[in-house]
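Printed here is start11.csv (CSV, C-alpha atoms and all ligand atoms):
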```
chain,number,residue,atom,x,y,z
F,29,MET,CA,0.0,0.0,0.0
F,30,LYS,CA,1.2,3.5,-0.8
F,31,THR,CA,1.7,6.0,2.0
F,32,PRO,CA,-1.1,8.6,2.4
F,33,ILE,CA,-0.2,12.2,1.7
F,34,SER,CA,-2.6,15.1,2.3
F,35,TRP,CA,-2.8,18.9,2.1
F,36,LEU,CA,-4.7,20.8,4.8
F,37,ILE,CA,-5.9,24.3,4.2
F,38,ASP,CA,-6.9,26.4,7.1
F,39,ASP,CA,-9.0,29.6,7.1
F,40,PRO,CA,-10.8,29.7,3.7
F,41,ALA,CA,-14.1,31.6,3.7
F,42,PRO,CA,-16.1,33.2,0.9
F,43,VAL,CA,-14.4,36.3,-0.4
F,44,ILE,CA,-13.6,37.6,3.2
F,45,SER,CA,-10.1,37.2,4.6
F,46,VAL,CA,-10.6,36.0,8.2
F,47,TYR,CA,-6.9,36.7,8.6
F,48,HIS,CA,-7.5,40.4,7.9
F,49,GLU,CA,-10.1,40.4,10.6
F,50,HIS,CA,-8.0,38.9,13.4
F,51,ALA,CA,-4.4,39.9,12.4
F,52,GLU,CA,-2.5,42.1,14.8
F,53,SER,CA,-1.5,44.5,12.1
F,54,ARG,CA,-3.5,45.6,9.0
F,55,PHE,CA,-0.2,45.8,7.0
F,56,THR,CA,2.1,43.2,5.6
F,57,GLU,CA,5.6,43.1,7.0
F,58,ASP,CA,6.9,45.0,4.0
F,59,GLY,CA,4.3,47.7,4.6
F,60,ARG,CA,1.5,47.0,2.1
F,61,PRO,CA,-2.1,47.2,3.3
F,62,LEU,CA,-3.4,43.7,4.2
F,63,ALA,CA,-6.0,42.4,1.7
F,64,ALA,CA,-9.5,42.3,3.3
F,65,THR,CA,-11.0,40.1,0.5
F,66,TYR,CA,-9.8,37.7,-2.2
F,67,SER,CA,-11.3,37.5,-5.6
F,68,ASN,CA,-13.1,34.3,-6.8
F,69,GLU,CA,-10.6,34.2,-9.6
F,70,LEU,CA,-8.0,33.0,-7.1
F,71,LEU,CA,-10.3,30.2,-5.9
F,72,PHE,CA,-10.7,29.2,-9.6
F,73,GLU,CA,-6.9,29.1,-10.0
F,74,PHE,CA,-6.7,27.0,-6.8
F,75,CYS,CA,-9.2,24.5,-8.4
F,76,ASP,CA,-7.2,24.4,-11.6
F,77,ILE,CA,-4.1,23.4,-9.6
F,78,ILE,CA,-5.7,20.7,-7.4
F,79,GLU,CA,-7.3,19.2,-10.5
F,80,ARG,CA,-4.1,19.3,-12.5
F,81,ARG,CA,-2.0,17.7,-9.8
F,82,GLY,CA,-4.6,15.4,-8.2
F,83,ILE,CA,-4.1,17.0,-4.8
F,84,ARG,CA,-6.5,15.9,-2.0
F,85,GLY,CA,-6.8,17.0,1.6
F,86,LYS,CA,-8.9,19.2,3.9
F,87,PHE,CA,-10.5,22.6,3.1
F,88,SER,CA,-12.0,24.7,5.9
F,89,VAL,CA,-15.1,26.8,5.3
F,90,VAL,CA,-15.5,29.4,8.1
F,91,PRO,CA,-19.3,29.8,8.2
F,92,MET,CA,-19.5,33.2,10.0
F,93,PRO,CA,-16.2,34.8,8.8
F,94,GLY,CA,-15.0,37.6,10.9
F,95,ASN,CA,-18.5,38.0,12.5
F,96,LYS,CA,-19.7,39.5,9.3
F,97,GLY,CA,-23.0,37.5,8.8
F,98,ASP,CA,-23.1,33.9,7.7
F,99,ILE,CA,-22.8,31.8,4.5
F,100,VAL,CA,-26.6,31.0,4.6
F,101,ASN,CA,-28.1,34.5,5.0
F,102,GLY,CA,-25.4,36.6,3.4
F,103,LEU,CA,-22.1,38.4,4.3
F,104,GLU,CA,-21.7,42.1,5.0
F,105,GLY,CA,-20.3,44.0,2.0
F,106,ILE,CA,-20.3,40.9,-0.2
F,107,ASP,CA,-22.5,40.6,-3.2
F,108,ASP,CA,-24.9,37.6,-2.9
F,109,ALA,CA,-24.0,36.4,-6.4
F,110,GLU,CA,-20.3,36.4,-5.5
F,111,LEU,CA,-21.0,34.4,-2.3
F,112,LYS,CA,-23.1,31.9,-4.2
F,113,GLU,CA,-20.4,31.6,-6.9
F,114,TRP,CA,-17.8,30.9,-4.2
F,115,LEU,CA,-19.9,28.2,-2.5
F,116,ASP,CA,-20.9,26.6,-5.8
F,117,CYS,CA,-17.3,26.4,-6.9
F,118,VAL,CA,-16.3,24.7,-3.6
F,119,LYS,CA,-19.1,22.2,-3.9
F,120,SER,CA,-18.4,21.4,-7.5
F,121,ARG,CA,-14.6,21.6,-7.8
F,122,VAL,CA,-13.0,21.5,-4.4
F,123,MET,CA,-15.2,18.7,-3.0
F,124,PRO,CA,-14.9,15.8,-2.9
F,125,ALA,CA,-11.1,16.0,-3.5
F,126,PHE,CA,-11.0,18.0,-0.3
F,127,SER,CA,-13.0,17.1,2.8
F,128,VAL,CA,-14.7,20.4,3.9
F,129,GLY,CA,-15.5,21.3,7.5
F,130,PRO,CA,-16.2,24.4,9.5
F,131,GLU,CA,-13.4,26.1,11.4
F,132,MET,CA,-15.8,27.0,14.0
F,133,LEU,CA,-18.1,29.9,13.5
F,134,SER,CA,-16.2,33.1,13.0
F,135,HIS,CA,-12.4,32.5,13.5
F,136,HIS,CA,-12.7,35.8,15.2
F,137,LYS,CA,-14.9,36.8,18.1
F,138,ALA,CA,-17.0,34.1,19.9
F,139,VAL,CA,-20.7,34.1,18.9
F,140,ASP,CA,-23.7,34.4,21.2
F,141,LEU,CA,-25.8,31.7,19.6
F,142,GLU,CA,-29.2,33.2,20.7
F,143,SER,CA,-28.6,36.7,19.2
F,144,GLY,CA,-25.9,35.8,16.6
F,145,LYS,CA,-23.9,38.7,17.9
F,146,ALA,CA,-20.2,38.7,18.6
F,147,LEU,CA,-19.0,38.4,22.2
F,148,SER,CA,-16.0,40.5,23.3
F,149,MET,CA,-13.6,37.6,23.5
F,150,SER,CA,-12.0,35.6,20.7
F,151,GLU,CA,-13.2,32.0,20.0
F,152,ARG,CA,-9.8,30.8,21.2
F,153,HIS,CA,-10.2,32.4,24.6
F,154,TRP,CA,-13.9,31.5,24.9
F,155,ALA,CA,-13.1,27.8,24.3
F,156,MET,CA,-10.7,27.6,27.2
F,157,THR,CA,-13.4,27.5,29.8
F,158,GLN,CA,-16.2,25.6,28.0
F,159,ASP,CA,-17.5,22.1,28.4
F,160,ARG,CA,-19.8,19.8,26.4
F,161,THR,CA,-22.9,21.8,27.4
F,162,THR,CA,-21.8,24.8,25.4
F,163,PHE,CA,-19.4,23.1,22.9
F,164,VAL,CA,-22.1,20.8,21.4
F,165,PRO,CA,-24.5,23.6,20.4
F,166,TYR,CA,-21.6,25.8,19.1
F,167,ILE,CA,-20.0,23.1,16.9
F,168,SER,CA,-23.5,21.8,15.8
F,169,LYS,CA,-24.3,25.3,14.6
F,170,ALA,CA,-21.1,25.5,12.6
F,171,LEU,CA,-21.8,22.1,11.0
F,172,SER,CA,-25.4,23.0,10.4
F,173,LEU,CA,-24.5,26.2,8.5
F,174,LEU,CA,-22.4,24.1,6.1
F,175,LYS,CA,-25.1,21.5,5.7
F,176,GLU,CA,-27.7,24.3,4.9
F,177,VAL,CA,-25.6,25.4,1.9
F,178,GLY,CA,-25.2,21.8,0.8
F,179,MET,CA,-21.8,20.9,2.2
F,180,HIS,CA,-21.7,17.5,3.8
F,181,SER,CA,-19.1,17.5,6.6
F,182,ILE,CA,-18.0,15.0,9.2
F,183,GLY,CA,-15.1,17.0,10.7
F,184,VAL,CA,-14.0,20.3,12.1
F,185,THR,CA,-10.9,22.4,12.3
F,186,SER,CA,-9.9,24.2,15.4
F,187,PRO,CA,-9.4,28.0,14.9
F,188,TRP,CA,-6.0,28.7,16.5
F,189,ASP,CA,-5.7,26.0,19.3
F,190,PHE,CA,-9.5,26.2,20.1
F,191,GLY,CA,-10.3,23.7,22.8
F,192,ILE,CA,-6.8,22.5,23.6
F,193,GLU,CA,-7.1,23.3,27.3
F,194,VAL,CA,-10.3,21.2,27.6
F,195,GLU,CA,-9.6,18.7,24.9
F,196,ASP,CA,-11.6,15.8,26.4
F,197,GLU,CA,-14.7,17.9,26.5
F,198,TYR,CA,-14.0,19.3,23.0
F,199,GLN,CA,-13.4,15.8,21.5
F,200,HIS,CA,-16.6,14.4,23.0
F,201,SER,CA,-18.5,17.4,21.7
F,202,ILE,CA,-17.1,17.1,18.1
F,203,SER,CA,-18.1,13.5,17.9
F,204,VAL,CA,-21.6,14.1,19.3
F,205,SER,CA,-22.2,17.1,17.1
F,206,VAL,CA,-21.1,15.3,13.9
F,207,GLU,CA,-23.5,12.5,14.6
F,208,ARG,CA,-26.3,14.9,15.4
F,209,VAL,CA,-25.9,17.0,12.2
F,210,SER,CA,-24.7,14.4,9.7
F,211,GLY,CA,-25.7,11.1,11.2
F,212,SER,CA,-22.1,9.8,10.9
F,213,LYS,CA,-20.5,7.9,13.8
F,214,LYS,CA,-17.1,8.6,12.3
F,215,ALA,CA,-15.6,12.1,12.6
F,216,TRP,CA,-12.2,13.8,12.2
F,217,PHE,CA,-10.7,16.9,13.7
F,218,PHE,CA,-7.6,19.0,13.2
F,219,LEU,CA,-6.0,20.6,16.3
F,220,ARG,CA,-2.5,19.5,16.7
F,221,ASP,CA,0.8,19.6,14.9
F,222,VAL,CA,3.3,16.6,15.1
F,223,VAL,CA,6.4,18.1,13.6
F,224,ASP,CA,10.0,16.7,13.7
F,225,LYS,CA,8.8,13.4,15.3
F,226,PRO,CA,9.2,10.0,13.7
F,227,ASN,CA,6.2,8.0,12.6
F,228,ALA,CA,3.9,11.1,12.6
F,229,LYS,CA,0.5,9.8,11.8
F,230,PRO,CA,-3.2,10.4,12.7
F,231,TRP,CA,-4.6,8.6,15.7
F,232,VAL,CA,-7.8,7.4,17.3
F,233,ALA,CA,-8.6,10.2,19.7
F,234,LEU,CA,-11.9,8.9,21.1
F,235,GLU,CA,-14.1,5.8,21.1
F,236,GLU,CA,-17.4,6.2,22.8
F,237,ASP,CA,-20.9,4.7,22.4
F,238,GLY,CA,-20.1,3.4,18.9
F,239,ARG,CA,-18.7,6.7,17.7
F,240,THR,CA,-15.0,7.1,16.7
F,241,LEU,CA,-13.1,10.4,16.5
F,242,VAL,CA,-9.9,10.5,14.5
F,243,SER,CA,-7.3,13.3,15.2
F,244,ILE,CA,-5.5,14.2,12.0
F,245,PRO,CA,-2.4,16.4,12.7
F,246,ALA,CA,-0.3,18.6,10.5
F,247,THR,CA,3.1,16.9,10.1
F,248,THR,CA,4.9,19.7,8.3
F,249,ARG,CA,5.7,23.3,9.1
F,250,GLU,CA,3.9,26.2,7.4
F,251,HIS,CA,6.3,27.0,4.5
F,252,ILE,CA,4.0,29.2,2.4
F,253,TRP,CA,3.0,31.9,5.0
F,254,GLN,CA,6.1,34.0,4.0
F,255,THR,CA,4.5,34.8,0.6
F,256,ILE,CA,2.1,37.2,2.4
F,257,ASP,CA,4.9,39.5,3.3
F,258,THR,CA,6.8,40.0,0.1
F,259,PRO,CA,6.0,41.3,-3.4
F,260,ARG,CA,8.2,38.6,-4.9
F,261,THR,CA,6.4,36.3,-7.3
F,262,ASP,CA,9.4,35.1,-9.5
F,263,ARG,CA,10.1,31.5,-10.3
F,264,GLU,CA,13.3,31.4,-8.3
F,265,TYR,CA,11.4,32.5,-5.1
F,266,VAL,CA,8.6,30.0,-5.7
F,267,CYS,CA,11.0,27.2,-6.2
F,268,SER,CA,13.0,28.1,-3.1
F,269,ILE,CA,9.8,27.7,-1.0
F,270,ALA,CA,8.8,24.5,-2.7
F,271,ASP,CA,12.4,23.1,-1.9
F,272,GLY,CA,11.5,23.3,1.8
F,273,LEU,CA,8.9,20.7,1.2
F,274,ILE,CA,10.4,18.7,-1.7
F,275,SER,CA,13.4,19.4,-3.9
F,276,GLU,CA,13.3,19.2,-7.7
F,277,ASP,CA,15.0,15.8,-7.6
F,278,GLY,CA,12.7,14.5,-4.8
F,279,LYS,CA,15.6,13.7,-2.6
F,280,SER,CA,15.3,16.3,0.2
F,281,GLY,CA,12.7,18.5,1.9
F,282,GLU,CA,10.3,18.0,4.8
F,283,ILE,CA,8.0,15.6,2.8
F,284,ILE,CA,10.9,13.3,2.2
F,285,ARG,CA,12.2,13.5,5.8
F,286,ILE,CA,8.7,12.5,7.1
F,287,LEU,CA,8.5,9.6,4.7
F,288,GLU,CA,11.9,8.4,5.8
F,289,THR,CA,10.8,8.2,9.4
F,290,GLY,CA,7.7,6.2,8.5
F,291,GLY,CA,5.2,9.1,8.9
F,292,TYR,CA,2.5,10.5,6.6
F,293,PRO,CA,3.1,13.9,5.0
F,294,ILE,CA,0.2,16.1,6.0
F,295,ILE,CA,1.0,19.5,4.7
F,296,ILE,CA,-0.3,22.6,6.4
F,297,CYS,CA,-1.0,25.9,4.9
F,298,HIS,CA,-3.5,28.7,5.2
F,299,TRP,CA,-5.8,30.3,2.7
F,300,GLN,CA,-4.1,33.6,3.2
F,301,SER,CA,-0.7,31.9,2.4
F,302,LEU,CA,-2.0,30.7,-0.9
F,303,MET,CA,-3.6,34.1,-1.7
F,304,SER,CA,-0.3,35.9,-0.8
F,305,ASN,CA,-2.1,39.2,-0.2
F,306,GLY,CA,-3.8,39.0,-3.6
F,307,LEU,CA,-0.7,38.0,-5.6
F,308,GLY,CA,-1.4,34.2,-5.6
F,309,THR,CA,2.3,33.4,-5.1
F,310,GLY,CA,1.4,30.6,-2.7
F,311,LEU,CA,-0.8,29.0,-5.4
F,312,LYS,CA,2.3,28.8,-7.6
F,313,VAL,CA,4.2,27.1,-4.7
F,314,MET,CA,1.4,24.6,-4.3
F,315,ASP,CA,1.4,23.9,-8.1
F,316,GLU,CA,5.2,23.3,-8.0
F,317,VAL,CA,5.0,21.0,-5.0
F,318,GLY,CA,2.2,19.0,-6.6
F,319,ARG,CA,4.3,18.7,-9.8
F,320,ARG,CA,7.3,17.5,-7.9
F,321,VAL,CA,5.3,15.0,-5.8
F,322,ALA,CA,3.8,13.6,-9.0
F,323,GLU,CA,7.2,13.3,-10.7
F,324,ASN,CA,9.2,11.8,-7.9
F,325,LEU,CA,6.8,10.0,-5.5
F,326,SER,CA,3.9,8.6,-7.5
F,327,ASP,CA,5.0,5.1,-6.8
F,328,ARG,CA,5.3,5.8,-3.0
F,329,VAL,CA,2.5,8.1,-2.0
F,330,GLU,CA,-1.2,8.6,-2.7
F,331,TRP,CA,-3.2,11.8,-2.1
F,332,MET,CA,-6.0,11.3,0.3
F,333,ASN,CA,-8.7,13.6,1.7
F,334,PHE,CA,-9.5,13.7,5.4
F,335,GLU,CA,-12.6,11.4,5.1
F,336,GLU,CA,-10.4,8.8,3.3
F,337,ILE,CA,-7.8,9.0,6.1
F,338,THR,CA,-10.5,8.7,8.7
F,339,ASP,CA,-11.9,5.6,7.0
F,340,MET,CA,-8.4,4.1,6.8
F,341,VAL,CA,-7.8,4.7,10.5
F,342,VAL,CA,-11.1,3.4,11.6
F,343,ALA,CA,-10.6,0.2,9.6
F,344,ASP,CA,-7.4,-0.6,11.5
F,345,LYS,CA,-7.6,1.2,14.8
F,346,ALA,CA,-4.9,-0.7,16.5
F,347,ALA,CA,-2.3,0.6,14.0
F,348,TYR,CA,-3.1,4.2,15.0
F,349,PRO,CA,-2.5,4.6,18.8
F,350,LYS,CA,-2.4,8.0,20.4
F,351,PRO,CA,1.1,9.3,20.5
F,352,LYS,CA,2.8,10.7,23.6
F,353,PHE,CA,3.1,14.5,23.6
E,1,ZN,ZN,-7.2,29.0,11.3
```

Can you dump the structure from the file as C-alpha cells?
Amino acid sequence: MKTPISWLIDDPAPVISVYHEHAESRFTEDGRPLAATYSNELLFEFCDIIERRGIRGKFSVVPMPGNKGDIVNGLEGIDDAELKEWLDCVKSRVMPAFSVGPEMLSHHKAVDLESGKALSMSERHWAMTQDRTTFVPYISKALSLLKEVGMHSIGVTSPWDFGIEVEDEYQHSISVSVERVSGSKKAWFFLRDVVDKPNAKPWVALEEDGRTLVSIPATTREHIWQTIDTPRTDREYVCSIADGLISEDGKSGEIIRILETGGYPIIICHWQSLMSNGLGTGLKVMDEVGRRVAENLSDRVEWMNFEEITDMVVADKAAYPKPKF
C-alpha cells in the first residue's frame, strides 16, 4: 500500500479574509495594506491546480467569517452572487477531492448563539473555559450552516488552538455534534501539529458509544506563509519555498524526511498563504510542490482527503494509537 499524503488548508471563507479580521497588524511586514478580500478568480486558480496535480486534503469553510454575517443568510459587504459563486465552486470543484469542514463559527470573536452577535472575546479564549454543554450547540451550529448550503461534513478544524485546554470535553462534543448533524458515527478533527517526530500519523482520539473520532495532525511546518509579506512572485522565489517541502529531484525537503521516518506527510498551509495578499504566489508554490510529488513520488504516496484518512484509521484502529506528547 502507498503512504497517504494530504494537504490541509486552514481559514478559507467566501471572499472575506478571516486573517485580515483577526491579524495584529493591518499591514504586511513590508508595509502594504493587508487584503480584506480575495477574488473568486483566485479560488478558480486553486481549483485548476488541485485538478491538474490530483491533490487531495482538507479545506475549511469558516461559516460566519469575521463575525460579518453567515454563509446561509449573506455576508456584510459581499454581493450575494459572489458568495453563491464561491460556495458553488467549492461544492463542484474543491469537493470531494478535499473534505470540507467548519473552522468553528467566525475564526474571530466568539458568537452568542441566541442573538448571533459577537462576544467581546475571541473564540480561542472563549473555548478555554467551555465544556460539552456549550461546545455541542456551538459546533453543531457550525456544521449546520455548512449543511444548509449543501456541504456534507464529518469533521472540524480548530481555529488557532481552540479547545486545547479542555480537549476531552472538546473531543466528545465534536463526535456528538457530527453524529447529530450528519448522522455519521465517524468524525475527524484537526487541532495539533506533530512536527519533527518519527512516525507522525493520525490517531484514534476517542471511542465512545459506537462513535469514533480521529485526530489528524499537521506533520509539516507552514512553509507558504512567508509569501504574504513580500511582493516577490518570481520563479526562483517560488522554487525556493517548494524546496523546503520537496526538492526538484525528490531527494530532500520536509515531505521526504517525514516519509523516511515512517510518517504521513500532512502538509499545512493557510488560505491567506495561498492568496499571498492577492498576488497568488502561494498558489504557484502549491502547483510546483504538486508537480514534484507527481514526478518523484507517484510510486510511493497517494493523495487522500480527510474522510479517506478517517476511514483508513477506523478500519485498522490498533495501528493508530495516540502518540505521547
Ligand atoms: Zn485557522

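Between atom CA of F:Glu316 and atom CA of F:Arg263 there is a distance of 9.8 Å.
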
Env of stretch 206-213 of chain F: 12 Å cut, atoms = all atoms listed in the file, seq-sep filter 5 positions within chain, self excluded. Answer as a PyMOL selection string.
chain F and resi 129-130+164-176+178-184+199-201+234-242+335+338-339+342

Stretch 115-175 of chain F residues near stretch 105-111 of chain F within 12 Å, closest pair each, using only C-alpha atoms, as a Markdown table:
```
| residue | atom | partner | partner_atom | distance |
| --- | --- | --- | --- | --- |
| F:Leu115 | CA | F:Leu111 | CA | 6.3 |
| F:Asp116 | CA | F:Leu111 | CA | 8.5 |
| F:Cys117 | CA | F:Leu111 | CA | 9.9 |
| F:Val118 | CA | F:Leu111 | CA | 10.9 |
```

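Among the candidate residues F:Ile252, F:Met92, F:Ala322, F:Val232, the one lying nearest to F:Asp344 is F:Val232, with distances computed using only C-alpha atoms.
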
Separation of atom CA of F:Phe353 and atom CA of F:Ser203, in Å?
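Separating atom CA of F:Phe353 from atom CA of F:Ser203 is a distance of 22.0 Å.
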
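Those protein and nucleic acid residues that have any atom within 8 Å of ligand ZN 1 (chain E) are, using all atoms listed in the file, Asp38, Asp39, Glu131, His135, Thr185, Ser186, Pro187, Trp188 and His298 of chain F.
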
How many Å lie between atom CA of F:Met132 and atom CA of F:Gly308, rounded to one decimal?
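A separation of 25.4 Å between them.
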
Could you give me, as a list of chain:residue names, the residues that have an atom at most 12 Å away from the point (-24.1, 37.2, 19.4) in the coordinates of the file, using all atoms listed in the file?
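I get F:Met92, F:Asn95, F:Lys96, F:Gly97, F:Leu133, F:Ser134, F:Lys137, F:Ala138, F:Val139, F:Asp140, F:Leu141, F:Glu142, F:Ser143, F:Gly144, F:Lys145, F:Ala146, F:Leu147, F:Ser148, F:Met149, F:Tyr166 for the residues within 12 Å of that point.
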
Determine, counting all atoms listed in the file, which protein, DNA and RNA residues have an atom within 10 Å of an atom of F:Gln254; residues of the same chain fewer than 5 positions away are not included. Present the result as a PyMOL selection string.
chain F and resi 57+269+301+304+309-310

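Shortest separation to F:Gly290 among F:Ile256, F:Phe190, F:Pro124, F:Thr31 occurs at residue F:Thr31, atoms counted being all atoms listed in the file.
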
Which residues come within 10 Å of F:Arg220, counting all atoms listed in the file, excluding same-chain residues fewer than 2 positions away, as a count of residues only?
15

Pick the closest to F:Glu195 from F:Thr157, F:Ser275, F:Thr261, F:Ser127: which is it, counting only C-alpha atoms?
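For F:Glu195, the nearest of the given residues is F:Thr157.
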
Just want the 9 Å neighbourhood of F:Arg54, counted on only C-alpha atoms, with same-chain residues fewer than 6 positions away dropped. Output as a PyMOL selection string.
chain F and resi 48+60-64

Do a neighbour search on stretch 327-332 of chain F at 6 Å with only C-alpha atoms, toss out local chain neighbours closer than 6 positions, and write the hits as an MDAnalysis selection string.
chainID F and resid 30:34 83:85

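Using all atoms listed in the file, the shortest contact distance between F:Ile337 and any of F:Leu287, F:Ile274, F:Ala215, F:Val177 is found at F:Ala215.
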
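Nearest to F:Met156 of all the residues F:Ala270, F:Ile99, F:Val194, F:Cys75 is F:Val194, based on only C-alpha atoms.
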
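Between F:Leu71 and the candidates F:Thr248, F:Gln300, F:Ser268, F:Asn324, the tightest atom-to-atom separation, counting all atoms listed in the file, involves F:Gln300.
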